[in-house]
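First up is the structure itself, then whatever we jot down about it.
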Amino acid sequence: MSLKAQRRRRGEANRILIVDDEADIRELLDLTLVRMGLDVDCAGTLAEARTMLANHRYQLCLTDMRLPDGTGLDLVRHVNETITDLPVAVVTAYGSTENAVAALKEGAFDYVTKPVSLDQLRSLVKLVLELSGEEPSPGASADARLLGESSAMQQVRTLIERVARSQAPVHITGESGSGKELAAQLIHQLGARRGRAFVPVNCGAIPENLMESEFFGYRRGAFTGANEDRDGFFQAANGGTLFLDEVADLSLAMQVKLLRVIQEKRVRKIGAPTEDDVDVRVICATHKDIKALVDEGHFRQDLFYRLNVIELRMPALRECHTDIPLLATHILGRLAHAAGIRPPLLSLAALKELQAHPFPGNVRELENTLERALALMNGNYIEVADLGLLSSRPGNVPTATVTTLQDTLDQVERQMILDALKDTHNNRTAAARLLGVTFRSLRYRMARLSMNE
C-alpha cells in the first residue's frame with residue numbers, strides 16, 4: 001500500500017514545512033497550503049527548521065534562500081544528509097539563475113521565484129505529493145526499456161532512476177543513435193510527471209522564422225495567417241516534460257528567449273499582452289560538444305549553465321559490445337513480430353561480426369542492420385553476408401575496433417576464410433585448396449581465429 005493510501009486510511013493529512021524569515025510570506029504560504037487540505041508547520045530560522053525536521057515527518061520542505069542563520073542551500077544539504085527521501089524546494093529571488101541552479105545541483109527538488117506565484121506553488125506541491133504517494137506504474141521501469149547488463153548501461157539506469165525524482169533540468173549527451181530520447185522518456189515515466197504529456201521537439205527541424213510561434217504559441221491576429229489562438233510547445237507540455245533534442249541547433253536569438261522562459265517559468269504568446277505561468281520540466285539532448293560551442297560563441301554560456309544542471313551521458317554501443325547479443329535478440333523479436341514471422345537466429349559468426357563492428361550509428365544502426373538482414377536472409381539463420389556491414393567486406397576494416405597491425409591482418413584473414421567456406425559450401429578441404437594452403441594450415445588458422453565453433 002502506498003504512503004498516501006496509508007495516510008488516508010489513518011485520516012492523516014500530508015504535512016509541509018515552510019522556512020522563511022518573513023512573517024507575511026509564511027502566512028501567505030501557510031494559508032495557501034491549508035486551503036489545499038494540508039497540515040503546515042512554519043519556521044523562521046535554519047535552527048528552528050532543523051528541530052522540526054528532527055521531530056516530525058514531512059512530505060515537502062519549502063525554504064527561502066536567505067535565512068538569518070544560514071541559507072536554503074544549507075538546509076538542502078542537511079536534508080540530503082539526514083532525510084534522503086524528503087523533497088526540498090527553494091524560493092529564490094526573481095531572476096536569480098545562479099541561486100536556482102546552485103540549489104538544483106545541491107539536490108533540491110525544484111525552485112520557486114519571488115514574487116511567489118500561487119499557481120506555480122500549487123502545481124509544485126501536487127507534483128511532490130504524487131511522487132511521494134504513488135508507486136511507479138508497472139510499465140514505467142528503466143529495466144523494461146533500456147536493455148543491457150554492461151557496467152556502462154547499469155550506471156545509466158541508476159542515474160536515470162535518481163534524476164527522475166527531481167525536477168532539475170537534465171542535459172543528455174551522446175552520439176547519434178545512442179538512445180538519448182529513450183533516456184528522456186524514461187526519466188519522464190519514472191518521475192512525478194508520468195501522467196502528463198511528454199513533448200519531444202527536434203530543434204534542428206524547425207525553420208528559424210517559425211521558432212518563436214512554435215515554442216511559445218500565438219494569439220489570433222498576431223500576424224498574417226494567425227486566424228486562431230494556438231498553444232506552443234511549452235503550453236502543450238504544461239505539467240509534463242519538454243524534451244529539446246539537438247538543442248545546440250537553436251539560434252542565439254532563440255536561446256535568449258528560451259533562457260528567460262526556463263528561468264522565470266513564464267511564457268508570453270506572440271501578440272499577448274501578459275505572460276502565463278508554465279510548469280514544465282526541461283530535458284535537452286545533443287550529440288554536439290556544447291562546451292566547445294560556448295567557447296566559440298555559438299551557444300550562450302548562461303543557457304548552458306541553466307540546462308546542464310544534471311548531465312547524463314549515453315554510452316556508445318561500442319562501449320557496450322557485450323550487450324549486443326541481448327539487444328539483437330530483442331530487436332529481431334520485435335521486427336519479426338511486426339512482420340508476422342518467426343524470429344530468426346543469428347549464426348555465431350554473424351554475432352561475432354556484430355560485436356566486432358564499431359557501430360558509428362549506435363543502436364539505430366544496429367536496428368537498421370538487422371532489419372536489412374531480416375529481409376535478405378535465406379532460411380532460419382542470419383549469416384555474416386546478410387548483415388552487409390562494411391567490416392565484412394574485404395579491404396574495409398573498421399578502424400575504430402582495430403588497434404594493431406595484427407588485428408588488421410586477423411580481420412582480413414578471417415573474412416577470406418569465411419568467403420572461401422561460403423564458395424565451397426563449408427567444404428574445408430576445398431576451401432584450403434582455394435586459399436592456396438594445406439588443410440592442416442587452414443584448420444590451425446581457424447582455431448587461432450576462434451572460427452571452429
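Lettering and numbering for the C-alpha cells are positional, with chains as A, B, ... in the shown order, residues counted from 1 in each chain, and ligands counted from 1 in the shown order.
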Subject >> Non-local contacts of region 29-39 of chain A (8 Å; only C-alpha atoms; under 5 positions in same chain excluded) as a ChimeraX atom specification >> reply: /A:13-16,18,118,122
**OP:** Identify all residues of region 120-293 of chain A in strand (DSSP E) (DSSP on the backbone) and supply them as a list in words.
**Re:** Val170, His171, Ile172, Thr173, Phe198, Val199, Pro200, Val201, Asn202, Thr241, Leu242, Phe243, Leu244, Asp245, Arg266, Val267, Asp276, Asp277, Arg281, Val282, Ile283, Cys284, Ala285 and Thr286 of chain A
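You can rank A:Ile172, A:Val278, A:Ala328, A:Leu75 by their closest distance to Ser117 (chain A) using only C-alpha atoms, and at the top of that list sits A:Val278.
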**OP:** List the neighbours of Glu181 (chain A) out to 8 Å using only C-alpha atoms; skip same-chain residues closer than 4 positions along the sequence, and give me the result as a list in words.
**Re:** Gln185, Phe243, Asp245 and Ala285 of chain A
**OP:** Step one, run DSSP on the backbone; step two, keep only residues of region 250-444 of chain A assigned to helix (DSSP H, G or I); then write them as number ranges by chain.
**Re:** A: 252-264, 290-295, 301-307, 317-339, 348-356, 362-376, 384-387, 390-392, 405-423, 428-435, 439-444
**OP:** Give me the residues within 10 Å of Asp85 (chain A) as a list in words, counting only C-alpha atoms and dropping any in the same chain fewer than 6 places off.
**Re:** Tyr58, Gln59, Leu60, Val79, Ser132 and Arg165 of chain A
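Note that the spacing between CA of Pro115 (chain A) and CA of Gln301 (chain A) amounts to 26.1 Å.
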**OP:** Identify which of the residues A:Ala248, A:Val294, A:Leu147, A:Leu62 lies closest to Val128 (chain A), counting only C-alpha atoms when measuring atom-to-atom distances.
**Re:** A:Leu62
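Ranking A:Lys422, A:Ser176, A:Gly204, A:Tyr305 by their shortest atom-to-atom distance to Gly361 (chain A), with only C-alpha atoms included, puts A:Ser176 first.
Look at region 414-421 of chain A: the protein and nucleic acid residues within 9 Å of it, using only C-alpha atoms and passing over chain neighbours fewer than 2 places away, are Ala349, Val384, Ser392, Arg393, Pro394, Leu409, Asp410, Gln411, Val412, Asp423, Thr424, His425, Asn426, Asn427, Arg428, Ala430, Ala431, Ala432, Leu434, Leu435, Leu442, Arg445, Met446, Leu449 and Met451 of chain A.
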Please identify all polymer residues within 10 Å of Gln355 (chain A), counting only C-alpha atoms, omitting same-chain residues fewer than 6 positions from it, and present them as a compact mmCIF listing (two decimals) with N, CA and C atoms, in the first residue's frame.
# COMPACT_ATOMS: atom_id res chain seq x y z
N LEU A 317 27.52 2.36 -28.44
CA LEU A 317 27.30 0.91 -28.49
C LEU A 317 28.61 0.15 -28.42
N ARG A 318 29.68 0.71 -29.00
CA ARG A 318 30.97 0.01 -28.97
C ARG A 318 31.52 -0.07 -27.54
N CYS A 320 29.56 -0.89 -25.12
CA CYS A 320 28.68 -1.89 -24.50
C CYS A 320 28.54 -3.10 -25.43
N HIS A 321 29.65 -3.50 -26.07
CA HIS A 321 29.55 -4.57 -27.08
C HIS A 321 29.05 -5.89 -26.49
N THR A 322 29.23 -6.07 -25.16
CA THR A 322 28.73 -7.31 -24.54
C THR A 322 27.20 -7.33 -24.50
N ASP A 323 26.57 -6.17 -24.69
CA ASP A 323 25.10 -6.10 -24.69
C ASP A 323 24.50 -6.39 -26.07
N ILE A 324 25.34 -6.48 -27.09
CA ILE A 324 24.83 -6.64 -28.46
C ILE A 324 23.98 -7.90 -28.63
N PRO A 325 24.38 -9.07 -28.10
CA PRO A 325 23.51 -10.25 -28.25
C PRO A 325 22.10 -10.03 -27.69
N ALA A 349 29.02 -16.75 -36.23
CA ALA A 349 29.90 -15.86 -36.99
C ALA A 349 29.27 -14.48 -37.15
N THR A 401 37.78 -0.38 -34.25
CA THR A 401 38.00 -1.55 -33.41
C THR A 401 39.35 -2.19 -33.68
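Atom to atom, CA of Val256 (chain A) and CA of Phe304 (chain A) stand 11.2 Å apart.
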Subject >> Which of A:Gly333, A:Pro169, A:Pro273, A:Gly217 sits closest to Glu367 (chain A) [using only C-alpha atoms] >> reply: A:Gly333
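By only C-alpha atoms, and with residues fewer than 3 positions from Ala205 (chain A) along its chain excluded, the set lying at most 12 Å from it is A:Pro200, A:Val201, A:Asn202, A:Glu208, A:Asn209, A:Leu210, A:Met211, A:Glu214, A:Leu244, A:Asp245, A:Glu246, A:Val247, A:Ala248, A:Asp249, A:Leu250.
Pairwise distance (CA of Lys105 (chain A), CA of Gln263 (chain A)) equals 15.0 Å.
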